[in-house]
Number of protein chains: 2
Amino acid sequence: MKLLEDRIRQDGEVLPGNVLKINSFLNHQIDPQLMMAIGEEFAKRFKDAGVTKILTCEASGIAPAVMAGYALSVPVVFARKKKPSTLNDAVYWADVFSYTKKVTNKICVEEKFLKSDDNLLIIDDFLAHGEAVKGMINVANQAGSSIAGIGVVVAKAFQGGSQWVTDHDLRLESLANIDNFDDGKVHFVGE
Amino acid sequence: MKLLEDRIRQDGEVLPGNVLKINSFLNHQIDPQLMMAIGEEFAKRFKDAGVTKILTCEASGIAPAVMAGYALSVPVVFARKKKPSTLNDAVYWADVFSYTKKVTNKICVEEKFLKSDDNLLIIDDFLAHGEAVKGMINVANQAGSSIAGIGVVVAKAFQGGSQWVTDHDLRLESLANIDNFDDGKVHFVGE
């Protein structure tokens, strides 16, 4: 998605450890117009996939997921990283290992929001090692929901998550595919 | 906002301790079409207020804030409840006391995203005792930004936050104003 790649080139910061910081338009400050374009792009790619619901993870997944949900006219469920005090109903839990922080966190989704006849589009901001996506797939499997595909805003193609997704016969759509950060610059796949 | 009040009457759950649970369309599962209507309503009410940026708080504030930002064509900044590992730059911190959990949490916003010439619309999902809004106002004050107003999806008018905002000469727009939960039902102000 050229609009997104251009924005990453313009505003993204490459940090040590293969970290791309794009908090001026996605992870802290959000550009709503760009998010709508991203949501529409996901909707275009998955329009014939029979998506009934979008599953994402708080907090940075919410903006692109809500725009995709708007464009596809389907509800969005965001997995919580802490069980809210008002959440007393049954939930699905999954572990998510963070490579950046070297800790395992948990995500949870209330059972009633995912059904066995749901066909989920899983959306996230980043796909690196794939741990968050694996956690969401785990939740979907517990619910018996099928998975229409995985949509990520940015994939770091060299960190294994993209390979894992396609190895598991899941459809992956990443709107920006990063090949490497050689010389501290963003190089997209196919450049 | 009648569409929202109807949805709260239909899907909201009143829990002990004056808690309204609306996690089927806002706090866990999100209805993107309703969020767009909410964003457009905020935009209509604040269109002449000279808003340059929206400030909200993760995670539940993001969906309504992003839709309002889309409708007003301004960026959205969401305060983080934890400092991300990639955030090494200077941040503004504020305390937010949670009446539900009886603990004080912190929120932070990277300094570079709030400027002294910004005129902020502060958006949140709920206004109860007003602690989250006070935290965001604290952050705005540290940045020297002015405040165009406070927009909340649901105000529990009887819990002091609404009174505090208007007592401080700040404009408050709440799209649903709850007067009380007598008999376990939602009663809106003016009914």
# chains A, B, ... in the order shown; residues from 1 in each chain; ligands from 1

$ interface_residues --of "chain B" --to "chain A" --cutoff "9 Å" --atoms "only C-alpha atoms" --output "short mmCIF file (atom, residue, chain, number, x, y, z; two decimals) with N, CA, C and O atoms, in the first residue's frame"
data_model
loop_
_atom_site.label_atom_id
_atom_site.label_comp_id
_atom_site.auth_asym_id
_atom_site.auth_seq_id
_atom_site.Cartn_x
_atom_site.Cartn_y
_atom_site.Cartn_z
N LEU B 15 -24.79 -2.95 36.62
CA LEU B 15 -24.19 -3.82 37.62
C LEU B 15 -24.20 -3.12 38.98
O LEU B 15 -24.35 -1.90 39.05
N VAL B 19 -22.47 0.73 38.15
CA VAL B 19 -21.63 0.46 36.98
C VAL B 19 -22.53 0.12 35.79
O VAL B 19 -23.45 -0.69 35.90
N LEU B 20 -22.28 0.79 34.67
CA LEU B 20 -22.98 0.47 33.42
C LEU B 20 -22.00 -0.26 32.51
O LEU B 20 -20.93 0.26 32.19
N LYS B 21 -22.37 -1.45 32.11
CA LYS B 21 -21.50 -2.26 31.26
C LYS B 21 -22.04 -2.18 29.83
O LYS B 21 -23.17 -2.61 29.56
N ASN B 23 -20.15 -3.34 27.10
CA ASN B 23 -19.02 -3.94 26.38
C ASN B 23 -19.45 -4.72 25.14
O ASN B 23 -18.61 -5.31 24.47
N SER B 24 -20.74 -4.68 24.80
CA SER B 24 -21.15 -5.32 23.54
C SER B 24 -21.08 -4.35 22.36
O SER B 24 -21.19 -4.77 21.21
N PHE B 25 -20.86 -3.05 22.64
CA PHE B 25 -20.71 -2.12 21.49
C PHE B 25 -19.64 -1.07 21.69
O PHE B 25 -19.36 -0.28 20.78
N ASN B 27 -16.85 -1.19 24.90
CA ASN B 27 -15.69 -1.45 25.75
C ASN B 27 -14.98 -2.79 25.53
O ASN B 27 -13.98 -3.07 26.18
N HIS B 28 -15.51 -3.61 24.64
CA HIS B 28 -14.81 -4.89 24.37
C HIS B 28 -15.15 -5.30 22.93
O HIS B 28 -14.27 -5.45 22.10
N GLN B 29 -16.45 -5.45 22.66
CA GLN B 29 -16.88 -5.50 21.26
C GLN B 29 -17.28 -4.07 20.89
O GLN B 29 -17.87 -3.35 21.69
N ILE B 30 -16.94 -3.69 19.66
CA ILE B 30 -17.20 -2.33 19.19
C ILE B 30 -18.11 -2.38 17.97
O ILE B 30 -17.89 -3.20 17.06
N ASP B 31 -19.10 -1.52 17.94
CA ASP B 31 -19.94 -1.37 16.75
C ASP B 31 -19.38 -0.19 15.94
O ASP B 31 -19.57 0.97 16.31
N PRO B 32 -18.65 -0.47 14.85
CA PRO B 32 -17.98 0.63 14.13
C PRO B 32 -18.96 1.64 13.53
O PRO B 32 -18.65 2.83 13.46
N GLN B 33 -20.14 1.17 13.09
CA GLN B 33 -21.12 2.11 12.51
C GLN B 33 -21.61 3.08 13.58
O GLN B 33 -21.73 4.28 13.32
N MET B 35 -19.91 3.87 16.24
CA MET B 35 -18.76 4.74 16.55
C MET B 35 -18.64 5.89 15.56
O MET B 35 -18.32 7.01 15.92
N MET B 36 -18.91 5.60 14.27
CA MET B 36 -18.86 6.68 13.28
C MET B 36 -19.95 7.72 13.57
O MET B 36 -19.69 8.93 13.51
N GLU B 58 -6.08 5.20 26.22
CA GLU B 58 -6.32 3.82 25.82
C GLU B 58 -7.13 3.11 26.90
O GLU B 58 -7.05 3.48 28.05
N ALA B 59 -7.89 2.05 26.58
CA ALA B 59 -8.10 1.54 25.24
C ALA B 59 -9.47 1.95 24.72
O ALA B 59 -9.65 2.17 23.53
N SER B 60 -10.45 2.11 25.62
CA SER B 60 -11.83 2.29 25.16
C SER B 60 -12.11 3.66 24.56
O SER B 60 -13.10 3.85 23.87
N ILE B 62 -10.27 5.03 22.31
CA ILE B 62 -9.68 5.14 20.98
C ILE B 62 -10.73 5.12 19.86
O ILE B 62 -10.68 5.95 18.95
N ALA B 63 -11.68 4.20 19.92
CA ALA B 63 -12.64 4.08 18.81
C ALA B 63 -13.47 5.35 18.62
O ALA B 63 -13.50 5.90 17.52
N VAL B 66 -11.07 8.23 17.42
CA VAL B 66 -10.58 8.15 16.04
C VAL B 66 -11.68 8.54 15.05
O VAL B 66 -11.40 9.20 14.04
N MET B 67 -12.92 8.16 15.36
CA MET B 67 -14.00 8.55 14.47
C MET B 67 -14.25 10.06 14.52
O MET B 67 -14.51 10.68 13.49
N ALA B 68 -14.13 10.64 15.71
CA ALA B 68 -14.27 12.10 15.82
C ALA B 68 -13.11 12.78 15.08
O ALA B 68 -13.31 13.79 14.39
N GLY B 69 -11.91 12.22 15.21
CA GLY B 69 -10.76 12.78 14.51
C GLY B 69 -10.92 12.69 13.01
O GLY B 69 -10.55 13.61 12.27
N TYR B 70 -11.50 11.58 12.56
CA TYR B 70 -11.76 11.43 11.13
C TYR B 70 -12.75 12.51 10.66
O TYR B 70 -12.52 13.17 9.64
N ALA B 71 -13.81 12.68 11.41
CA ALA B 71 -14.85 13.65 11.02
C ALA B 71 -14.34 15.09 11.09
O ALA B 71 -14.77 15.94 10.31
N SER B 73 -11.05 15.82 10.81
CA SER B 73 -9.75 15.86 10.11
C SER B 73 -8.64 16.40 10.99
O SER B 73 -7.87 17.29 10.58
N VAL B 74 -8.54 15.87 12.21
CA VAL B 74 -7.43 16.23 13.10
C VAL B 74 -6.81 14.95 13.66
O VAL B 74 -7.49 13.93 13.77
N PRO B 75 -5.53 14.99 14.04
CA PRO B 75 -4.89 13.81 14.64
C PRO B 75 -5.46 13.49 16.02
O PRO B 75 -6.03 14.36 16.68
N VAL B 76 -5.28 12.25 16.41
CA VAL B 76 -5.72 11.77 17.73
C VAL B 76 -4.49 11.27 18.48
O VAL B 76 -3.69 10.53 17.92
N VAL B 77 -4.34 11.67 19.71
CA VAL B 77 -3.28 11.12 20.57
C VAL B 77 -3.94 10.33 21.68
O VAL B 77 -4.86 10.84 22.34
N PHE B 78 -3.53 9.08 21.87
CA PHE B 78 -4.06 8.36 23.02
C PHE B 78 -2.99 8.22 24.10
O PHE B 78 -1.88 7.78 23.84
N ALA B 79 -3.37 8.65 25.31
CA ALA B 79 -2.48 8.51 26.46
C ALA B 79 -2.29 7.03 26.73
O ALA B 79 -3.22 6.23 26.63
N ARG B 80 -1.05 6.63 27.06
CA ARG B 80 -0.73 5.25 27.35
C ARG B 80 -0.80 5.04 28.85
O ARG B 80 -0.45 5.92 29.64
N SER B 85 8.10 0.14 25.67
CA SER B 85 9.55 -0.05 25.71
C SER B 85 10.26 0.76 24.62
O SER B 85 11.44 1.07 24.74
N THR B 86 9.51 1.10 23.56
CA THR B 86 10.12 1.87 22.47
C THR B 86 10.04 3.38 22.71
O THR B 86 10.51 4.15 21.89
N LEU B 87 9.42 3.75 23.84
CA LEU B 87 9.23 5.18 24.09
C LEU B 87 10.33 5.69 25.01
O LEU B 87 10.27 5.56 26.23
N THR B 100 -13.25 2.36 40.84
CA THR B 100 -13.68 0.96 40.78
C THR B 100 -12.64 0.05 41.44
O THR B 100 -12.98 -0.86 42.19
N LYS B 101 -11.36 0.33 41.14
CA LYS B 101 -10.30 -0.57 41.64
C LYS B 101 -9.57 -0.03 42.86
O LYS B 101 -8.72 -0.71 43.42
N VAL B 109 1.95 10.74 27.99
CA VAL B 109 1.87 11.20 26.60
C VAL B 109 3.23 11.77 26.22
O VAL B 109 3.82 12.55 26.99
N GLU B 110 3.72 11.36 25.06
CA GLU B 110 5.02 11.86 24.62
C GLU B 110 4.92 13.37 24.37
O GLU B 110 3.98 13.86 23.74
N PHE B 113 4.02 15.36 21.01
CA PHE B 113 2.72 15.31 20.35
C PHE B 113 1.72 16.36 20.86
O PHE B 113 0.62 16.49 20.31
#

$ closest_residue --among "B:Gly184, B:Gly17, B:Gly161, B:Gly151" --to "B:Phe46" --atoms "only C-alpha atoms"
B:Gly151

$ residues_around --residues "stretch 116-119 of chain B" --least-positions-apart "2" --cutoff "8 Å" --atoms "only C-alpha atoms" --output "PDB file with N, CA and C atoms, in the first residue's frame"
ATOM      1  N   GLY B  50     -12.431  25.243  16.864  1.00  0.00           N
ATOM      2  CA  GLY B  50     -11.009  25.386  16.538  1.00  0.00           C
ATOM      3  C   GLY B  50     -10.137  24.254  17.063  1.00  0.00           C
ATOM      4  N   VAL B  51     -10.678  23.046  17.082  1.00  0.00           N
ATOM      5  CA  VAL B  51      -9.928  21.892  17.592  1.00  0.00           C
ATOM      6  C   VAL B  51      -8.757  21.577  16.655  1.00  0.00           C
ATOM      7  N   THR B  52      -7.546  21.443  17.218  1.00  0.00           N
ATOM      8  CA  THR B  52      -6.385  21.059  16.392  1.00  0.00           C
ATOM      9  C   THR B  52      -5.992  19.605  16.602  1.00  0.00           C
ATOM     10  N   LYS B  53      -6.417  19.023  17.729  1.00  0.00           N
ATOM     11  CA  LYS B  53      -6.010  17.654  18.033  1.00  0.00           C
ATOM     12  C   LYS B  53      -6.962  17.071  19.075  1.00  0.00           C
ATOM     13  N   LEU B 114       2.070  17.083  21.911  1.00  0.00           N
ATOM     14  CA  LEU B 114       1.186  18.140  22.409  1.00  0.00           C
ATOM     15  C   LEU B 114       1.973  19.439  22.474  1.00  0.00           C
ATOM     16  N   LEU B 121      -9.461  18.739  21.976  1.00  0.00           N
ATOM     17  CA  LEU B 121     -10.733  18.137  22.353  1.00  0.00           C
ATOM     18  C   LEU B 121     -10.386  16.841  23.093  1.00  0.00           C
ATOM     19  N   ALA B 143       1.581  20.589  28.913  1.00  0.00           N
ATOM     20  CA  ALA B 143       2.024  20.916  27.548  1.00  0.00           C
ATOM     21  C   ALA B 143       1.738  22.369  27.190  1.00  0.00           C
ATOM     22  N   GLY B 144       0.940  23.045  28.018  1.00  0.00           N
ATOM     23  CA  GLY B 144       0.535  24.420  27.693  1.00  0.00           C
ATOM     24  C   GLY B 144      -0.512  24.486  26.600  1.00  0.00           C
ATOM     25  N   SER B 145      -1.126  23.342  26.293  1.00  0.00           N
ATOM     26  CA  SER B 145      -2.183  23.329  25.267  1.00  0.00           C
ATOM     27  C   SER B 145      -3.462  23.901  25.867  1.00  0.00           C
ATOM     28  N   SER B 146      -4.273  24.529  25.026  1.00  0.00           N
ATOM     29  CA  SER B 146      -5.591  24.950  25.496  1.00  0.00           C
ATOM     30  C   SER B 146      -6.594  23.823  25.257  1.00  0.00           C
ATOM     31  N   ILE B 147      -7.727  23.935  25.908  1.00  0.00           N
ATOM     32  CA  ILE B 147      -8.725  22.867  25.856  1.00  0.00           C
ATOM     33  C   ILE B 147     -10.019  23.410  25.255  1.00  0.00           C
ATOM     34  N   ALA B 148     -10.357  22.867  24.089  1.00  0.00           N
ATOM     35  CA  ALA B 148     -11.585  23.316  23.410  1.00  0.00           C
ATOM     36  C   ALA B 148     -12.817  22.763  24.128  1.00  0.00           C
TER      37      ALA B 148
END

$ select_by_dssp --residues "stretch 9-177 of chain A" --states "strand (DSSP E or B)" --output "MDAnalysis selection string"
chainID A and resid 13:15 19:21 29:30 53:57 76:80 91:98 103:110 119:127 146:156 172:177

$ write_last_selection --atoms "C-alpha atoms" --output "JSON list (two decimals), in the first residue's frame"
[["chain", "number", "residue", "atom", "x", "y", "z"],
["A", 13, "GLU", "CA", 12.09, 5.68, 13.09],
["A", 14, "VAL", "CA", 14.32, 2.63, 13.01],
["A", 15, "LEU", "CA", 15.55, 1.79, 16.52],
["A", 19, "VAL", "CA", 12.32, -2.02, 16.01],
["A", 20, "LEU", "CA", 10.28, 0.30, 13.82],
["A", 21, "LYS", "CA", 8.65, 3.13, 15.73],
["A", 29, "GLN", "CA", -0.60, 9.58, 17.79],
["A", 30, "ILE", "CA", -3.06, 8.32, 15.17],
["A", 53, "LYS", "CA", -16.31, -10.25, 12.82],
["A", 54, "ILE", "CA", -12.90, -8.69, 13.35],
["A", 55, "LEU", "CA", -10.66, -9.70, 16.25],
["A", 56, "THR", "CA", -7.82, -7.43, 17.32],
["A", 57, "CYS", "CA", -5.80, -6.65, 20.44],
["A", 76, "VAL", "CA", -14.86, -5.55, 16.09],
["A", 77, "VAL", "CA", -13.76, -7.35, 19.27],
["A", 78, "PHE", "CA", -10.55, -6.26, 20.94],
["A", 79, "ALA", "CA", -8.78, -8.73, 23.21],
["A", 80, "ARG", "CA", -8.01, -7.21, 26.60],
["A", 91, "VAL", "CA", -13.52, -15.59, 29.03],
["A", 92, "TYR", "CA", -11.04, -17.27, 26.73],
["A", 93, "TRP", "CA", -7.42, -16.75, 27.77],
["A", 94, "ALA", "CA", -4.25, -17.02, 25.71],
["A", 95, "ASP", "CA", -0.56, -16.40, 26.37],
["A", 96, "VAL", "CA", 1.34, -13.85, 24.31],
["A", 97, "PHE", "CA", 5.13, -13.80, 24.60],
["A", 98, "SER", "CA", 6.76, -10.43, 24.06],
["A", 103, "VAL", "CA", 7.82, -11.70, 29.28],
["A", 104, "THR", "CA", 4.64, -13.67, 28.71],
["A", 105, "ASN", "CA", 1.45, -11.66, 28.98],
["A", 106, "LYS", "CA", -2.11, -12.83, 28.73],
["A", 107, "ILE", "CA", -4.98, -11.68, 26.57],
["A", 108, "CYS", "CA", -8.64, -12.45, 27.15],
["A", 109, "VAL", "CA", -11.87, -12.27, 25.19],
["A", 110, "GLU", "CA", -15.32, -12.72, 26.65],
["A", 119, "ASN", "CA", -15.49, -16.27, 10.45],
["A", 120, "LEU", "CA", -12.84, -13.96, 11.86],
["A", 121, "LEU", "CA", -10.53, -11.46, 10.29],
["A", 122, "ILE", "CA", -7.66, -11.03, 12.74],
["A", 123, "ILE", "CA", -6.11, -7.57, 12.52],
["A", 124, "ASP", "CA", -3.05, -6.17, 14.24],
["A", 125, "ASP", "CA", -0.70, -3.25, 13.87],
["A", 126, "PHE", "CA", 2.55, -5.26, 13.59],
["A", 127, "LEU", "CA", 3.45, -8.80, 12.63],
["A", 146, "SER", "CA", -13.03, -20.11, 11.66],
["A", 147, "ILE", "CA", -10.39, -17.67, 10.45],
["A", 148, "ALA", "CA", -10.87, -15.81, 7.19],
["A", 149, "GLY", "CA", -7.37, -14.42, 7.36],
["A", 150, "ILE", "CA", -4.82, -12.24, 9.07],
["A", 151, "GLY", "CA", -4.49, -8.57, 8.20],
["A", 152, "VAL", "CA", -1.57, -6.59, 9.54],
["A", 153, "VAL", "CA", -0.61, -2.99, 8.92],
["A", 154, "VAL", "CA", 3.14, -3.68, 8.96],
["A", 155, "ALA", "CA", 4.88, -7.06, 8.64],
["A", 156, "LYS", "CA", 8.56, -7.45, 9.42],
["A", 172, "LEU", "CA", -2.02, -13.14, 5.23],
["A", 173, "GLU", "CA", -2.48, -9.61, 3.96],
["A", 174, "SER", "CA", 0.15, -7.14, 5.15],
["A", 175, "LEU", "CA", -0.17, -3.59, 3.89],
["A", 176, "ALA", "CA", 3.55, -2.86, 4.27],
["A", 177, "ASN", "CA", 6.12, -5.64, 4.05]]

$ atom_distance --atom1 "atom CA of B:Glu131" --atom2 "atom CA of B:Leu4"
23.3 Å

$ select_by_dssp --residues "stretch 55-186 of chain B" --states "helix (DSSP H, G or I)" --output "VMD selection string"
chain B and resid 62 to 72 111 to 113 131 to 143 157 to 159 161 to 167 182 to 184

$ write_last_selection --atoms "N, CA, C and O atoms" --output "compact mmCIF listing (two decimals), in the first residue's frame"
# COMPACT_ATOMS: atom_id res chain seq x y z
N ILE B 62 -10.27 5.03 22.31
CA ILE B 62 -9.68 5.14 20.98
C ILE B 62 -10.73 5.12 19.86
O ILE B 62 -10.68 5.95 18.95
N ALA B 63 -11.68 4.20 19.92
CA ALA B 63 -12.64 4.08 18.81
C ALA B 63 -13.47 5.35 18.62
O ALA B 63 -13.50 5.90 17.52
N PRO B 64 -14.13 5.87 19.66
CA PRO B 64 -14.87 7.11 19.44
C PRO B 64 -13.96 8.29 19.08
O PRO B 64 -14.33 9.13 18.25
N ALA B 65 -12.76 8.34 19.66
CA ALA B 65 -11.86 9.45 19.37
C ALA B 65 -11.38 9.43 17.92
O ALA B 65 -11.29 10.47 17.27
N VAL B 66 -11.07 8.23 17.42
CA VAL B 66 -10.58 8.15 16.04
C VAL B 66 -11.68 8.54 15.05
O VAL B 66 -11.40 9.20 14.04
N MET B 67 -12.92 8.16 15.36
CA MET B 67 -14.00 8.55 14.47
C MET B 67 -14.25 10.06 14.52
O MET B 67 -14.51 10.68 13.49
N ALA B 68 -14.13 10.64 15.71
CA ALA B 68 -14.27 12.10 15.82
C ALA B 68 -13.11 12.78 15.08
O ALA B 68 -13.31 13.79 14.39
N GLY B 69 -11.91 12.22 15.21
CA GLY B 69 -10.76 12.78 14.51
C GLY B 69 -10.92 12.69 13.01
O GLY B 69 -10.55 13.61 12.27
N TYR B 70 -11.50 11.58 12.56
CA TYR B 70 -11.76 11.43 11.13
C TYR B 70 -12.75 12.51 10.66
O TYR B 70 -12.52 13.17 9.64
N ALA B 71 -13.81 12.68 11.41
CA ALA B 71 -14.85 13.65 11.02
C ALA B 71 -14.34 15.09 11.09
O ALA B 71 -14.77 15.94 10.31
N LEU B 72 -13.43 15.36 12.01
CA LEU B 72 -12.89 16.73 12.15
C LEU B 72 -11.58 16.92 11.39
O LEU B 72 -11.06 18.04 11.34
N GLU B 111 5.90 14.08 24.90
CA GLU B 111 5.84 15.55 24.87
C GLU B 111 5.67 16.12 23.47
O GLU B 111 4.95 17.09 23.26
N LYS B 112 6.33 15.49 22.49
CA LYS B 112 6.35 16.11 21.16
C LYS B 112 4.98 16.14 20.48
O LYS B 112 4.80 16.86 19.50
N PHE B 113 4.02 15.36 21.01
CA PHE B 113 2.72 15.31 20.35
C PHE B 113 1.72 16.36 20.86
O PHE B 113 0.62 16.49 20.31
N GLU B 131 -11.95 11.23 36.97
CA GLU B 131 -10.52 11.08 37.23
C GLU B 131 -9.69 10.98 35.95
O GLU B 131 -8.62 11.58 35.86
N ALA B 132 -10.18 10.24 34.97
CA ALA B 132 -9.42 10.11 33.72
C ALA B 132 -9.36 11.46 33.00
O ALA B 132 -8.30 11.86 32.50
N VAL B 133 -10.48 12.16 32.98
CA VAL B 133 -10.51 13.48 32.33
C VAL B 133 -9.57 14.45 33.05
O VAL B 133 -8.81 15.19 32.42
N LYS B 134 -9.57 14.40 34.39
CA LYS B 134 -8.65 15.28 35.14
C LYS B 134 -7.19 14.95 34.80
O LYS B 134 -6.36 15.86 34.67
N GLY B 135 -6.88 13.68 34.64
CA GLY B 135 -5.52 13.28 34.26
C GLY B 135 -5.14 13.83 32.89
O GLY B 135 -4.03 14.32 32.69
N MET B 136 -6.08 13.76 31.95
CA MET B 136 -5.79 14.28 30.60
C MET B 136 -5.68 15.80 30.62
O MET B 136 -4.84 16.37 29.91
N ILE B 137 -6.49 16.48 31.44
CA ILE B 137 -6.38 17.93 31.56
C ILE B 137 -5.02 18.30 32.17
O ILE B 137 -4.36 19.25 31.73
N ASN B 138 -4.59 17.53 33.15
CA ASN B 138 -3.27 17.72 33.76
C ASN B 138 -2.17 17.64 32.68
O ASN B 138 -1.29 18.51 32.60
N VAL B 139 -2.26 16.61 31.83
CA VAL B 139 -1.28 16.46 30.74
C VAL B 139 -1.34 17.66 29.78
O VAL B 139 -0.30 18.22 29.39
N ALA B 140 -2.56 18.07 29.43
CA ALA B 140 -2.72 19.22 28.53
C ALA B 140 -2.11 20.48 29.15
O ALA B 140 -1.44 21.26 28.47
N ASN B 141 -2.32 20.66 30.46
CA ASN B 141 -1.76 21.83 31.15
C ASN B 141 -0.24 21.81 31.15
O ASN B 141 0.41 22.85 30.96
N GLN B 142 0.35 20.63 31.36
CA GLN B 142 1.81 20.52 31.32
C GLN B 142 2.36 20.93 29.96
O GLN B 142 3.44 21.52 29.86
N ALA B 143 1.58 20.59 28.91
CA ALA B 143 2.02 20.92 27.55
C ALA B 143 1.74 22.37 27.19
O ALA B 143 2.20 22.85 26.16
N ALA B 157 -24.16 11.50 35.32
CA ALA B 157 -24.24 12.88 35.79
C ALA B 157 -24.24 12.99 37.31
O ALA B 157 -23.89 14.03 37.86
N PHE B 158 -24.58 11.89 37.98
CA PHE B 158 -24.72 11.93 39.45
C PHE B 158 -23.42 11.63 40.18
O PHE B 158 -23.39 11.64 41.41
N GLN B 159 -22.32 11.39 39.46
CA GLN B 159 -21.09 10.98 40.13
C GLN B 159 -20.02 12.06 40.21
O GLN B 159 -18.88 11.79 40.55
N GLY B 161 -18.25 14.02 38.15
CA GLY B 161 -17.33 14.42 37.10
C GLY B 161 -17.89 15.53 36.21
O GLY B 161 -17.19 16.49 35.88
N SER B 162 -19.15 15.42 35.84
CA SER B 162 -19.78 16.43 34.99
C SER B 162 -19.77 17.79 35.69
O SER B 162 -19.44 18.82 35.09
N GLN B 163 -20.12 17.76 36.98
CA GLN B 163 -20.16 19.01 37.77
C GLN B 163 -18.76 19.63 37.84
O GLN B 163 -18.58 20.83 37.66
N TRP B 164 -17.76 18.77 38.07
CA TRP B 164 -16.38 19.26 38.17
C TRP B 164 -15.95 19.96 36.87
O TRP B 164 -15.35 21.03 36.91
N VAL B 165 -16.29 19.34 35.73
CA VAL B 165 -15.89 19.91 34.43
C VAL B 165 -16.53 21.29 34.22
O VAL B 165 -15.85 22.26 33.88
N THR B 166 -17.83 21.38 34.47
CA THR B 166 -18.50 22.67 34.24
C THR B 166 -18.08 23.69 35.29
O THR B 166 -17.95 24.88 35.00
N ASP B 167 -17.80 23.25 36.52
CA ASP B 167 -17.30 24.17 37.56
C ASP B 167 -15.96 24.78 37.16
O ASP B 167 -15.59 25.85 37.64
N ASP B 182 -32.00 3.77 39.09
CA ASP B 182 -33.04 3.28 40.01
C ASP B 182 -33.70 2.01 39.48
O ASP B 182 -33.97 1.89 38.28
N ASP B 183 -33.92 1.08 40.38
CA ASP B 183 -34.54 -0.21 40.03
C ASP B 183 -33.71 -0.98 39.00
O ASP B 183 -34.27 -1.79 38.24
N GLY B 184 -32.40 -0.72 38.95
CA GLY B 184 -31.54 -1.46 38.03
C GLY B 184 -31.74 -1.11 36.57
O GLY B 184 -31.29 -1.83 35.68

$ atom_distance --atom1 "atom CA of B:Ile178" --atom2 "atom CA of B:Glu191"
9.8 Å

$ atom_distance --atom1 "atom CA of A:Asn180" --atom2 "atom CA of A:Ala37"
24.8 Å

$ decode --residues "stretch 68-80 of chain A" --atoms "N, CA and C atoms" --output "PDB file, in the first residue's frame"
ATOM      1  N   ALA A  68     -11.530  -0.930   9.485  1.00  0.00           N
ATOM      2  CA  ALA A  68     -11.835  -2.086   8.632  1.00  0.00           C
ATOM      3  C   ALA A  68     -13.248  -2.592   8.928  1.00  0.00           C
ATOM      4  N   GLY A  69     -13.608  -2.613  10.209  1.00  0.00           N
ATOM      5  CA  GLY A  69     -14.958  -3.034  10.586  1.00  0.00           C
ATOM      6  C   GLY A  69     -16.013  -2.102  10.021  1.00  0.00           C
ATOM      7  N   TYR A  70     -15.694  -0.818  10.016  1.00  0.00           N
ATOM      8  CA  TYR A  70     -16.618   0.157   9.429  1.00  0.00           C
ATOM      9  C   TYR A  70     -16.794  -0.120   7.938  1.00  0.00           C
ATOM     10  N   ALA A  71     -15.677  -0.335   7.251  1.00  0.00           N
ATOM     11  CA  ALA A  71     -15.735  -0.547   5.801  1.00  0.00           C
ATOM     12  C   ALA A  71     -16.407  -1.875   5.451  1.00  0.00           C
ATOM     13  N   LEU A  72     -16.265  -2.876   6.303  1.00  0.00           N
ATOM     14  CA  LEU A  72     -16.878  -4.195   6.044  1.00  0.00           C
ATOM     15  C   LEU A  72     -18.243  -4.343   6.709  1.00  0.00           C
ATOM     16  N   SER A  73     -18.632  -3.349   7.524  1.00  0.00           N
ATOM     17  CA  SER A  73     -19.892  -3.413   8.297  1.00  0.00           C
ATOM     18  C   SER A  73     -19.982  -4.661   9.167  1.00  0.00           C
ATOM     19  N   VAL A  74     -18.923  -4.929   9.902  1.00  0.00           N
ATOM     20  CA  VAL A  74     -18.934  -6.041  10.869  1.00  0.00           C
ATOM     21  C   VAL A  74     -18.424  -5.531  12.215  1.00  0.00           C
ATOM     22  N   PRO A  75     -18.837  -6.181  13.321  1.00  0.00           N
ATOM     23  CA  PRO A  75     -18.352  -5.764  14.645  1.00  0.00           C
ATOM     24  C   PRO A  75     -16.867  -6.068  14.812  1.00  0.00           C
ATOM     25  N   VAL A  76     -16.271  -5.372  15.746  1.00  0.00           N
ATOM     26  CA  VAL A  76     -14.857  -5.548  16.089  1.00  0.00           C
ATOM     27  C   VAL A  76     -14.778  -5.951  17.563  1.00  0.00           C
ATOM     28  N   VAL A  77     -14.016  -6.985  17.870  1.00  0.00           N
ATOM     29  CA  VAL A  77     -13.762  -7.347  19.265  1.00  0.00           C
ATOM     30  C   VAL A  77     -12.281  -7.124  19.539  1.00  0.00           C
ATOM     31  N   PHE A  78     -11.973  -6.385  20.591  1.00  0.00           N
ATOM     32  CA  PHE A  78     -10.553  -6.260  20.936  1.00  0.00           C
ATOM     33  C   PHE A  78     -10.250  -7.065  22.187  1.00  0.00           C
ATOM     34  N   ALA A  79      -9.241  -7.945  22.062  1.00  0.00           N
ATOM     35  CA  ALA A  79      -8.779  -8.725  23.206  1.00  0.00           C
ATOM     36  C   ALA A  79      -8.207  -7.773  24.242  1.00  0.00           C
ATOM     37  N   ARG A  80      -8.507  -8.041  25.506  1.00  0.00           N
ATOM     38  CA  ARG A  80      -8.013  -7.207  26.596  1.00  0.00           C
ATOM     39  C   ARG A  80      -6.738  -7.821  27.151  1.00  0.00           C
TER      40      ARG A  80
END
